[in-house]
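K.L.:
This is run.pdb, which holds PDB, C-alpha atoms, pLDDT in the B column:
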```pdb
ATOM      1  CA  ASP A   1     232.935 191.598  48.809  1.00 80.00           C
ATOM      2  CA  ARG A   2     235.834 193.892  47.956  1.00 85.00           C
ATOM      3  CA  ALA A   3     238.012 190.875  47.167  1.00 87.00           C
ATOM      4  CA  ARG A   4     235.333 189.440  44.866  1.00 87.00           C
ATOM      5  CA  LEU A   5     234.887 192.773  43.077  1.00 86.00           C
ATOM      6  CA  ASP A   6     238.639 193.105  42.644  1.00 88.00           C
ATOM      7  CA  GLN A   7     238.848 189.584  41.232  1.00 89.00           C
ATOM      8  CA  TYR A   8     235.971 190.321  38.837  1.00 89.00           C
ATOM      9  CA  PHE A   9     237.420 193.589  37.524  1.00 88.00           C
ATOM     10  CA  THR A  10     240.908 192.054  37.221  1.00 90.00           C
ATOM     11  CA  ALA A  11     239.518 189.208  35.097  1.00 89.00           C
ATOM     12  CA  LEU A  12     237.495 191.686  33.040  1.00 89.00           C
ATOM     13  CA  ARG A  13     240.556 193.862  32.397  1.00 89.00           C
ATOM     14  CA  GLN A  14     242.560 190.808  31.362  1.00 89.00           C
ATOM     15  CA  LEU A  15     239.866 189.917  28.838  1.00 89.00           C
ATOM     16  CA  GLU A  16     239.859 193.502  27.502  1.00 88.00           C
ATOM     17  CA  GLN A  17     243.633 193.394  27.033  1.00 86.00           C
ATOM     18  CA  GLN A  18     243.412 190.070  25.184  1.00 84.00           C
ATOM     19  CA  LEU A  19     240.740 191.454  22.832  1.00 86.00           C
ATOM     20  CA  GLU A  20     242.786 194.615  22.294  1.00 84.00           C
ATOM     21  CA  LEU A  21     245.817 192.553  21.337  1.00 74.00           C
ATOM     22  CA  GLN A  22     243.793 190.384  18.946  1.00 77.00           C
ATOM     23  CA  MET A  23     242.350 193.453  17.233  1.00 80.00           C
ATOM     24  CA  GLN A  24     245.763 194.976  16.547  1.00 75.00           C
ATOM     25  CA  LYS A  25     246.893 194.739  12.951  1.00 73.00           C
ATOM     26  CA  PRO A  26     250.125 192.712  12.724  1.00 65.00           C
ATOM     27  CA  PRO A  27     253.251 194.466  11.451  1.00 69.00           C
ATOM     28  CA  PRO A  28     253.878 194.110   7.701  1.00 71.00           C
ATOM     29  CA  LEU A  29     256.110 191.209   6.734  1.00 74.00           C
ATOM     30  CA  GLU A  30     258.473 191.593   3.798  1.00 73.00           C
ATOM     31  CA  ALA A  31     257.574 188.383   1.996  1.00 75.00           C
ATOM     32  CA  CYS A  32     253.855 188.361   2.788  1.00 82.00           C
ATOM     33  CA  SER A  33     251.896 189.046  -0.394  1.00 78.00           C
ATOM     34  CA  ILE A  34     248.740 187.909  -2.152  1.00 79.00           C
ATOM     35  CA  PRO A  35     249.573 185.244  -4.756  1.00 79.00           C
ATOM     36  CA  LYS A  36     247.923 184.766  -8.116  1.00 83.00           C
ATOM     37  CA  ALA A  37     244.878 182.530  -8.197  1.00 86.00           C
ATOM     38  CA  PRO A  38     245.890 178.915  -8.972  1.00 84.00           C
ATOM     39  CA  VAL A  39     244.774 177.158 -12.125  1.00 85.00           C
ATOM     40  CA  ASP A  40     242.285 174.338 -11.606  1.00 89.00           C
ATOM     41  CA  ASN A  41     243.883 170.917 -11.773  1.00 91.00           C
ATOM     42  CA  ALA A  42     242.631 167.340 -11.450  1.00 93.00           C
ATOM     43  CA  LEU A  43     242.642 165.863  -7.960  1.00 92.00           C
ATOM     44  CA  ASP A  44     243.712 162.262  -8.346  1.00 94.00           C
ATOM     45  CA  SER A  45     246.721 159.975  -7.862  1.00 95.00           C
ATOM     46  CA  GLN A  46     248.173 160.409 -11.347  1.00 97.00           C
ATOM     47  CA  ILE A  47     251.769 161.430 -10.725  1.00 97.00           C
ATOM     48  CA  ASP A  48     251.817 164.514 -12.993  1.00 96.00           C
ATOM     49  CA  ASN A  49     248.711 165.920 -11.285  1.00 96.00           C
ATOM     50  CA  VAL A  50     250.135 165.134  -7.856  1.00 97.00           C
ATOM     51  CA  MET A  51     253.363 166.980  -8.732  1.00 97.00           C
ATOM     52  CA  THR A  52     251.387 170.026  -9.905  1.00 96.00           C
ATOM     53  CA  ASN A  53     249.152 170.081  -6.836  1.00 96.00           C
ATOM     54  CA  HIS A  54     252.121 169.530  -4.535  1.00 96.00           C
ATOM     55  CA  ALA A  55     253.822 172.615  -6.006  1.00 95.00           C
ATOM     56  CA  LEU A  56     250.691 174.673  -5.289  1.00 94.00           C
ATOM     57  CA  MET A  57     250.491 173.345  -1.743  1.00 94.00           C
ATOM     58  CA  ALA A  58     254.178 174.134  -1.218  1.00 95.00           C
ATOM     59  CA  GLN A  59     253.584 177.719  -2.331  1.00 93.00           C
ATOM     60  CA  THR A  60     250.516 178.024  -0.090  1.00 93.00           C
ATOM     61  CA  LEU A  61     252.370 176.658   2.918  1.00 94.00           C
ATOM     62  CA  ALA A  62     255.390 178.876   2.268  1.00 94.00           C
ATOM     63  CA  LEU A  63     253.073 181.886   2.132  1.00 92.00           C
ATOM     64  CA  ALA A  64     251.434 180.871   5.418  1.00 92.00           C
ATOM     65  CA  LEU A  65     254.871 180.715   7.033  1.00 92.00           C
ATOM     66  CA  ALA A  66     256.023 183.989   5.475  1.00 91.00           C
ATOM     67  CA  CYS A  67     252.863 185.717   6.739  1.00 88.00           C
ATOM     68  CA  ASP A  68     253.318 184.162  10.206  1.00 87.00           C
ATOM     69  CA  GLN A  69     249.965 182.404   9.995  1.00 87.00           C
ATOM     70  CA  THR A  70     251.516 179.140  11.174  1.00 89.00           C
ATOM     71  CA  ARG A  71     254.841 177.942  12.507  1.00 90.00           C
ATOM     72  CA  VAL A  72     254.211 174.197  12.600  1.00 92.00           C
ATOM     73  CA  PHE A  73     253.184 172.203   9.550  1.00 94.00           C
ATOM     74  CA  ASN A  74     252.862 168.738   8.079  1.00 94.00           C
ATOM     75  CA  MET A  75     253.125 168.000   4.348  1.00 92.00           C
ATOM     76  CA  GLN A  76     252.243 164.633   2.817  1.00 92.00           C
ATOM     77  CA  PHE A  77     253.215 163.913  -0.777  1.00 94.00           C
ATOM     78  CA  SER A  78     251.486 160.545  -1.151  1.00 92.00           C
ATOM     79  CA  ASP A  79     249.168 158.452   0.962  1.00 90.00           C
ATOM     80  CA  ARG A  80     250.311 155.463   2.993  1.00 84.00           C
ATOM     81  CA  ALA A  81     250.846 152.400   0.813  1.00 87.00           C
ATOM     82  CA  SER A  82     251.335 154.873  -2.016  1.00 94.00           C
ATOM     83  CA  SER A  83     248.589 154.898  -4.655  1.00 96.00           C
ATOM     84  CA  LEU A  84     250.589 157.067  -7.072  1.00 97.00           C
ATOM     85  CA  ARG A  85     250.284 155.894 -10.679  1.00 97.00           C
ATOM     86  CA  MET A  86     251.486 156.770 -14.140  1.00 97.00           C
ATOM     87  CA  PRO A  87     249.120 158.245 -16.789  1.00 95.00           C
ATOM     88  CA  GLY A  88     246.935 155.562 -18.340  1.00 94.00           C
ATOM     89  CA  SER A  89     248.035 152.883 -15.868  1.00 94.00           C
ATOM     90  CA  THR A  90     246.121 151.218 -13.059  1.00 94.00           C
ATOM     91  CA  ASP A  91     249.307 149.903 -11.434  1.00 96.00           C
ATOM     92  CA  THR A  92     250.065 151.887  -8.296  1.00 97.00           C
ATOM     93  CA  HIS A  93     253.423 152.574  -6.743  1.00 97.00           C
ATOM     94  CA  HIS A  94     252.571 150.182  -3.916  1.00 95.00           C
ATOM     95  CA  THR A  95     251.498 147.403  -6.275  1.00 96.00           C
ATOM     96  CA  LEU A  96     254.646 147.740  -8.352  1.00 97.00           C
ATOM     97  CA  THR A  97     256.915 147.475  -5.317  1.00 95.00           C
ATOM     98  CA  HIS A  98     255.503 143.992  -4.701  1.00 95.00           C
ATOM     99  CA  GLU A  99     254.797 142.723  -8.209  1.00 96.00           C
ATOM    100  CA  GLU A 100     257.389 144.271 -10.518  1.00 96.00           C
ATOM    101  CA  PRO A 101     260.453 142.038 -10.944  1.00 95.00           C
ATOM    102  CA  ARG A 102     263.885 143.486 -10.359  1.00 95.00           C
ATOM    103  CA  ASP A 103     265.803 144.309 -13.495  1.00 96.00           C
ATOM    104  CA  PRO A 104     268.803 141.921 -13.434  1.00 96.00           C
ATOM    105  CA  ALA A 105     271.114 144.501 -14.987  1.00 96.00           C
ATOM    106  CA  LEU A 106     269.965 147.450 -12.847  1.00 95.00           C
ATOM    107  CA  GLY A 107     269.406 145.549  -9.630  1.00 93.00           C
ATOM    108  CA  TYR A 108     266.154 147.361  -8.798  1.00 93.00           C
ATOM    109  CA  GLN A 109     262.532 147.766  -9.939  1.00 96.00           C
ATOM    110  CA  PRO A 110     262.654 150.484 -12.630  1.00 96.00           C
ATOM    111  CA  LYS A 111     258.927 151.332 -12.791  1.00 96.00           C
ATOM    112  CA  ALA A 112     258.528 151.535  -9.020  1.00 96.00           C
ATOM    113  CA  THR A 113     261.717 153.564  -8.704  1.00 95.00           C
ATOM    114  CA  VAL A 114     260.273 156.306 -10.928  1.00 97.00           C
ATOM    115  CA  PHE A 115     257.890 157.207  -8.096  1.00 96.00           C
ATOM    116  CA  VAL A 116     260.778 157.381  -5.635  1.00 95.00           C
ATOM    117  CA  GLN A 117     262.562 159.781  -7.978  1.00 96.00           C
ATOM    118  CA  LYS A 118     259.417 161.889  -8.351  1.00 97.00           C
ATOM    119  CA  SER A 119     259.025 162.018  -4.572  1.00 96.00           C
ATOM    120  CA  MET A 120     262.591 163.283  -4.253  1.00 95.00           C
ATOM    121  CA  GLU A 121     261.950 165.898  -6.949  1.00 97.00           C
ATOM    122  CA  ALA A 122     258.911 167.082  -4.989  1.00 97.00           C
ATOM    123  CA  TRP A 123     260.956 167.254  -1.767  1.00 96.00           C
ATOM    124  CA  THR A 124     263.606 169.317  -3.569  1.00 96.00           C
ATOM    125  CA  GLN A 125     260.961 171.627  -5.001  1.00 96.00           C
ATOM    126  CA  PHE A 126     259.421 172.101  -1.553  1.00 96.00           C
ATOM    127  CA  ALA A 127     262.770 173.072  -0.020  1.00 97.00           C
ATOM    128  CA  GLN A 128     263.524 175.402  -2.946  1.00 97.00           C
ATOM    129  CA  THR A 129     260.127 177.094  -2.529  1.00 96.00           C
ATOM    130  CA  LEU A 130     260.990 177.920   1.087  1.00 96.00           C
ATOM    131  CA  HIS A 131     264.507 178.981   0.113  1.00 96.00           C
ATOM    132  CA  ALA A 132     263.208 181.387  -2.538  1.00 94.00           C
ATOM    133  CA  ILE A 133     261.468 183.567   0.070  1.00 93.00           C
ATOM    134  CA  PRO A 134     263.784 186.152   1.699  1.00 91.00           C
ATOM    135  CA  GLU A 135     263.564 186.541   5.438  1.00 90.00           C
ATOM    136  CA  GLY A 136     265.952 188.617   7.529  1.00 87.00           C
ATOM    137  CA  ASP A 137     269.562 188.095   6.460  1.00 90.00           C
ATOM    138  CA  GLY A 138     268.736 184.803   4.758  1.00 93.00           C
ATOM    139  CA  SER A 139     265.744 182.871   3.534  1.00 95.00           C
ATOM    140  CA  LEU A 140     262.597 181.411   5.012  1.00 94.00           C
ATOM    141  CA  LEU A 141     264.236 177.991   4.796  1.00 96.00           C
ATOM    142  CA  ASP A 142     267.185 179.203   6.888  1.00 96.00           C
ATOM    143  CA  ASN A 143     264.772 179.926   9.716  1.00 94.00           C
ATOM    144  CA  CYS A 144     262.892 176.627   9.336  1.00 95.00           C
ATOM    145  CA  LEU A 145     263.641 173.047  10.215  1.00 96.00           C
ATOM    146  CA  VAL A 146     261.901 170.545   7.955  1.00 96.00           C
ATOM    147  CA  MET A 147     262.181 166.779   8.140  1.00 95.00           C
ATOM    148  CA  ALA A 148     261.388 164.397   5.285  1.00 95.00           C
ATOM    149  CA  HIS A 149     261.203 160.639   5.527  1.00 92.00           C
ATOM    150  CA  SER A 150     259.754 157.488   4.036  1.00 89.00           C
ATOM    151  CA  GLU A 151     257.792 154.890   5.971  1.00 86.00           C
ATOM    152  CA  THR A 152     259.969 152.064   4.612  1.00 88.00           C
ATOM    153  CA  SER A 153     263.508 151.604   3.341  1.00 88.00           C
ATOM    154  CA  GLU A 154     262.778 148.538   1.204  1.00 88.00           C
ATOM    155  CA  ALA A 155     259.140 148.695   0.081  1.00 90.00           C
ATOM    156  CA  ASN A 156     259.189 145.200  -1.455  1.00 89.00           C
ATOM    157  CA  THR A 157     259.811 143.627   1.961  1.00 89.00           C
ATOM    158  CA  HIS A 158     258.368 146.440   4.134  1.00 88.00           C
ATOM    159  CA  SER A 159     261.773 146.743   5.761  1.00 89.00           C
ATOM    160  CA  VAL A 160     262.279 149.550   8.259  1.00 85.00           C
ATOM    161  CA  VAL A 161     266.030 148.977   8.611  1.00 87.00           C
ATOM    162  CA  GLY A 162     267.950 151.933   7.241  1.00 86.00           C
ATOM    163  CA  LEU A 163     265.011 154.334   6.987  1.00 89.00           C
ATOM    164  CA  PRO A 164     266.015 157.473   5.058  1.00 90.00           C
ATOM    165  CA  PHE A 165     265.635 160.716   7.011  1.00 93.00           C
ATOM    166  CA  MET A 166     266.494 164.139   5.617  1.00 95.00           C
ATOM    167  CA  THR A 167     266.358 167.587   7.144  1.00 95.00           C
ATOM    168  CA  ALA A 168     266.394 170.950   5.414  1.00 96.00           C
ATOM    169  CA  GLY A 169     266.896 174.363   6.951  1.00 96.00           C
ATOM    170  CA  LYS A 170     269.163 175.722   9.661  1.00 96.00           C
ATOM    171  CA  ALA A 171     266.572 176.301  12.389  1.00 95.00           C
ATOM    172  CA  GLY A 172     267.679 179.908  12.692  1.00 94.00           C
ATOM    173  CA  GLY A 173     271.370 178.989  12.826  1.00 94.00           C
ATOM    174  CA  ARG A 174     271.066 176.140  15.333  1.00 95.00           C
ATOM    175  CA  LEU A 175     271.672 173.318  12.867  1.00 95.00           C
ATOM    176  CA  ARG A 176     274.476 172.435  10.444  1.00 94.00           C
ATOM    177  CA  THR A 177     273.532 171.476   6.883  1.00 94.00           C
ATOM    178  CA  GLY A 178     275.224 169.648   4.020  1.00 93.00           C
ATOM    179  CA  LEU A 179     276.101 166.605   6.123  1.00 94.00           C
ATOM    180  CA  HIS A 180     275.425 162.896   5.677  1.00 94.00           C
ATOM    181  CA  VAL A 181     275.303 160.962   8.930  1.00 93.00           C
ATOM    182  CA  SER A 182     275.213 157.169   8.848  1.00 89.00           C
ATOM    183  CA  GLY A 183     272.715 155.877  11.382  1.00 85.00           C
ATOM    184  CA  VAL A 184     273.211 152.169  10.813  1.00 83.00           C
ATOM    185  CA  GLY A 185     272.331 150.212  13.922  1.00 85.00           C
ATOM    186  CA  VAL A 186     270.771 153.107  15.852  1.00 89.00           C
ATOM    187  CA  THR A 187     267.181 154.220  16.361  1.00 92.00           C
ATOM    188  CA  THR A 188     265.575 156.899  14.219  1.00 92.00           C
ATOM    189  CA  SER A 189     264.347 158.504  17.448  1.00 94.00           C
ATOM    190  CA  ARG A 190     267.694 160.311  17.482  1.00 95.00           C
ATOM    191  CA  VAL A 191     266.473 162.471  14.597  1.00 95.00           C
ATOM    192  CA  GLY A 192     263.410 163.663  16.492  1.00 94.00           C
ATOM    193  CA  LEU A 193     265.441 164.260  19.650  1.00 96.00           C
ATOM    194  CA  THR A 194     267.979 166.312  17.708  1.00 96.00           C
ATOM    195  CA  MET A 195     265.246 168.425  16.141  1.00 95.00           C
ATOM    196  CA  GLN A 196     263.571 169.123  19.464  1.00 95.00           C
ATOM    197  CA  GLN A 197     266.837 170.200  21.044  1.00 95.00           C
ATOM    198  CA  ALA A 198     267.668 172.358  18.020  1.00 94.00           C
ATOM    199  CA  MET A 199     264.340 174.138  18.538  1.00 90.00           C
ATOM    200  CA  GLY A 200     265.282 174.883  22.122  1.00 90.00           C
ATOM    201  CA  LEU A 201     263.071 172.363  23.892  1.00 91.00           C
ATOM    202  CA  ASN A 202     264.351 171.047  27.212  1.00 93.00           C
ATOM    203  CA  VAL A 203     264.074 167.392  26.178  1.00 93.00           C
ATOM    204  CA  GLY A 204     266.552 164.753  27.286  1.00 93.00           C
ATOM    205  CA  GLN A 205     265.198 161.627  25.621  1.00 95.00           C
ATOM    206  CA  ARG A 206     262.753 160.423  22.989  1.00 95.00           C
ATOM    207  CA  GLY A 207     261.086 157.143  22.035  1.00 94.00           C
ATOM    208  CA  THR A 208     259.942 154.078  23.940  1.00 94.00           C
ATOM    209  CA  ASP A 209     261.295 150.566  24.533  1.00 94.00           C
ATOM    210  CA  GLN A 210     264.086 149.678  22.093  1.00 91.00           C
ATOM    211  CA  ASN A 211     263.605 152.995  20.280  1.00 92.00           C
ATOM    212  CA  GLN A 212     264.272 155.110  23.347  1.00 95.00           C
ATOM    213  CA  THR A 213     267.369 157.277  23.152  1.00 96.00           C
ATOM    214  CA  ASP A 214     269.073 160.108  24.967  1.00 96.00           C
ATOM    215  CA  ARG A 215     271.679 160.629  22.226  1.00 94.00           C
ATOM    216  CA  PRO A 216     271.038 163.468  19.771  1.00 95.00           C
ATOM    217  CA  ILE A 217     272.969 163.602  16.502  1.00 94.00           C
ATOM    218  CA  SER A 218     275.662 165.921  17.825  1.00 93.00           C
ATOM    219  CA  GLN A 219     277.244 166.455  14.389  1.00 93.00           C
ATOM    220  CA  LEU A 220     274.168 168.434  13.339  1.00 94.00           C
ATOM    221  CA  LEU A 221     273.865 170.682  16.383  1.00 94.00           C
ATOM    222  CA  VAL A 222     275.716 174.000  16.353  1.00 91.00           C
TER     223      VAL A 222
END
```
Please express the file's structure as structure tokens.
P.N.:
Amino acid sequence: DRARLDQYFTALRQLEQQLELQMQKPPPLEACSIPKAPVDNALDSQIDNVMTNHALMAQTLALALACDQTRVFNMQFSDRASSLRMPGSTDTHHTLTHEEPRDPALGYQPKATVFVQKSMEAWTQFAQTLHAIPEGDGSLLDNCLVMAHSETSEANTHSVVGLPFMTAGKAGGRLRTGLHVSGVGVTTSRVGLTMQQAMGLNVGQRGTDQNQTDRPISQLLV
């Protein structure tokens, strides 16, 4: 009976300590502030509206990170088989990648490429939003590790050879930036493995079958 009572009161005290911790007000964070209310904007796939809404989402996410409300996030600029479109047009990004002919002088599809450029502008804006928030001796971005990628390298053929992967942030000083690493002929699983190791996870390999690897991108690791 004494053992049961001791077990009961121990469990009860543990619960009290958990509730006490949850009720404590977190310490003030330098960059945590209440933003201005956003202006209403249309929610559709028109590229200008998507760019505007993406900027608002980037600010909201940056604020959540700055206020330590989350430490893991996922941001999606466009849906799969991108339905982005220009004002007044019914042609989507996905449709154009299959139906627009290549410009013989340029060597690519100019209308479809506009959406690629806009996506890169949005990625830049997202990284700059994180970089604009001071944190410690650097910025919020310095203490983050963000990966951006596309689901195809050549949308017209759905090719996945040469997929573009980009990272931003130094992961608190664990990752080198400003480098271009050619990954021709190797699996993209190396990117995920490198990120996990940069975040301090005890992971030795990533991927399955032909995409399995135990080789991180050593050039990026500090």
K.L.:
Return the single residue from A:Val39, A:Val114, A:Met147, A:Ala105 that is closest to Ala55 of chain A, with distances computed using all atoms listed in the file.
P.N.:
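Using all atoms listed in the file, Ala55 of chain A sits closest to A:Val39.
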K.L.:
One decimal, in Å: what's the spacing between atom CA of Asn156 of chain A and atom CA of His54 of chain A?
P.N.:
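Separating atom CA of Asn156 of chain A from atom CA of His54 of chain A is a distance of 25.5 Å.
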K.L.:
If we count only C-alpha atoms, what is near Asp79 of chain A at a cut-off of 12 Å, once residues fewer than 2 positions away on the same chain are taken out, given as a VMD selection string?
P.N.:
chain A and resid 44 to 45 50 75 to 77 81 to 85 92 to 94 119 150 to 151
K.L.:
Could you please take those selected residues and save C-alpha atoms as an mmCIF file, in the frame of the given file?
P.N.:
```cif
data_model
loop_
_atom_site.group_PDB
_atom_site.id
_atom_site.type_symbol
_atom_site.label_atom_id
_atom_site.label_comp_id
_atom_site.auth_asym_id
_atom_site.auth_seq_id
_atom_site.Cartn_x
_atom_site.Cartn_y
_atom_site.Cartn_z
ATOM 1 C CA ASP A 44 243.712 162.262 -8.346
ATOM 2 C CA SER A 45 246.721 159.975 -7.862
ATOM 3 C CA VAL A 50 250.135 165.134 -7.856
ATOM 4 C CA MET A 75 253.125 168.000 4.348
ATOM 5 C CA GLN A 76 252.243 164.633 2.817
ATOM 6 C CA PHE A 77 253.215 163.913 -0.777
ATOM 7 C CA ALA A 81 250.846 152.400 0.813
ATOM 8 C CA SER A 82 251.335 154.873 -2.016
ATOM 9 C CA SER A 83 248.589 154.898 -4.655
ATOM 10 C CA LEU A 84 250.589 157.067 -7.072
ATOM 11 C CA ARG A 85 250.284 155.894 -10.679
ATOM 12 C CA THR A 92 250.065 151.887 -8.296
ATOM 13 C CA HIS A 93 253.423 152.574 -6.743
ATOM 14 C CA HIS A 94 252.571 150.182 -3.916
ATOM 15 C CA SER A 119 259.025 162.018 -4.572
ATOM 16 C CA SER A 150 259.754 157.488 4.036
ATOM 17 C CA GLU A 151 257.792 154.890 5.971
#
```
K.L.:
Apply the PyMOL selection byres ((chain A and resi 60-74) around 8) to the file shown and report the selected residues as a list in words.
P.N.:
Leu29, Ala31, Cys32, Ser33, Leu56, Met57, Ala58, Gln59, Met75, Gln76, Thr129, Leu130, Ile133, Glu135 and Leu140 of chain A
K.L.:
Please measure the separation of atom CA of Ile34 of chain A and atom CA of Asn143 of chain A, giving the value in Å to one decimal.
P.N.:
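These atoms are spaced 21.5 Å apart.
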K.L.:
Taking the file as shown, find all residues satisfying the PyMOL selection byres ((chain A and resi 174) around 12) and write them as a list of chain:residue names.
P.N.:
A:Asp142, A:Asn143, A:Cys144, A:Leu145, A:Gly169, A:Lys170, A:Ala171, A:Gly172, A:Gly173, A:Leu175, A:Arg176, A:Thr177, A:Thr194, A:Met195, A:Gln196, A:Gln197, A:Ala198, A:Met199, A:Gly200, A:Ser218, A:Gln219, A:Leu220, A:Leu221, A:Val222
K.L.:
The PyMOL selection byres ((chain A and resi 191) around 12) on the file shown: which residues, as number ranges by chain?
P.N.:
A: 145-149, 163-167, 181-183, 186-190, 192-198, 205-207, 211-221
K.L.:
May I ask for the distance between atom CA of Leu141 of chain A and atom CA of Thr113 of chain A, given in Å to one decimal place?
P.N.:
28.0 Å
K.L.:
Can you sort out the box for segment 54-61 of chain A, edges along x, y and z, all listed atoms in, 3 Å on every side, with centre and edge lengths in Å to one decimal, as JSON?
P.N.:
```
{"center_x": 252.3, "center_y": 173.8, "center_z": -1.5, "size_x": 9.7, "size_y": 14.5, "size_z": 14.9}
```
K.L.:
Determine the nearest neighbour of Ala155 of chain A from the options A:Asp1, A:Glu20, A:Asp40, A:Glu99, counting only C-alpha atoms.
P.N.:
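With only C-alpha atoms as the atom set, the closest residue is A:Glu99.
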K.L.:
For Glu30 of chain A, which residue among A:Gly107, A:Pro101, A:Pro134, A:Gly204 is the nearest when counting all atoms listed in the file?
P.N.:
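Closest candidate: A:Pro134.
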